[in-house]
Amino acid sequence: GEVITMADTTRTSTKAGGVVKAAASSAAGTGSAATGAIFCVLLAMQYGLQPFLKVFIGKGVNKVSLVLGTELLKIVIACGIMSLEGSFGRNFKGWTVRTGALSVLPSLIYATQNYLLVIGYASMDSVTFNCLNQSKLVSTALFIYLLFGVKQSAPQMCALAGLLLSGIMLQDG
């Protein structure tokens, strides 16, 4: 395997005939360090303000309708942004019924995950929820390694270990 870091976004691995690119490849460029810093600050603010921002989800609210409405709003916003920047046609060029059908399974998995997130968010305090929600990064890194052989750097491994330990401590506690 090979180590792919934020600083080295052009390396690829060709295990099992597929090409694996770093997830950060779209963020590559001269402003990526500044953009990363901005998003780190925003994430820290989200964690710090989360206890004050928690939205109350009433017991009578249909959670399926809430998730479907949220997903529909995301689609409308994305289509609006693509239309404004003129990329709508380019993004759907070559789109076929088969392509759409192949999109259904990941879409259903994502909607199911969002439904479970709504249930989790409604049933535990916001700090615990946010910490446990971030623990999915550990399993993602593990499966990226197992499926594609992409190793994490030492700082990334330390961050993943910290996430894993915080999840364990929260469950114990």
# chains A, B, ... in the order shown; residues from 1 in each chain; ligands from 1

$ closest_atom_pairs --of "segment 60-89 of chain A" --to "segment 104-122 of chain A" --cutoff "10 Å" --atoms "only C-alpha atoms" --output "CSV"
residue,atom,partner,partner_atom,distance
A:Lys63,CA,A:Tyr115,CA,6.9
A:Val64,CA,A:Tyr115,CA,6.6
A:Ser65,CA,A:Tyr115,CA,9.6
A:Leu66,CA,A:Tyr115,CA,8.5
A:Val67,CA,A:Tyr115,CA,6.0
A:Leu68,CA,A:Ala111,CA,7.6
A:Thr70,CA,A:Asn114,CA,9.4
A:Glu71,CA,A:Ala111,CA,7.7

$ residues_around --residues "segment 45-48 of chain A" --least-positions-apart "5" --cutoff "10 Å" --atoms "only C-alpha atoms" --output "PyMOL selection string"
chain A and resi 39-40+53+126-127+130-131
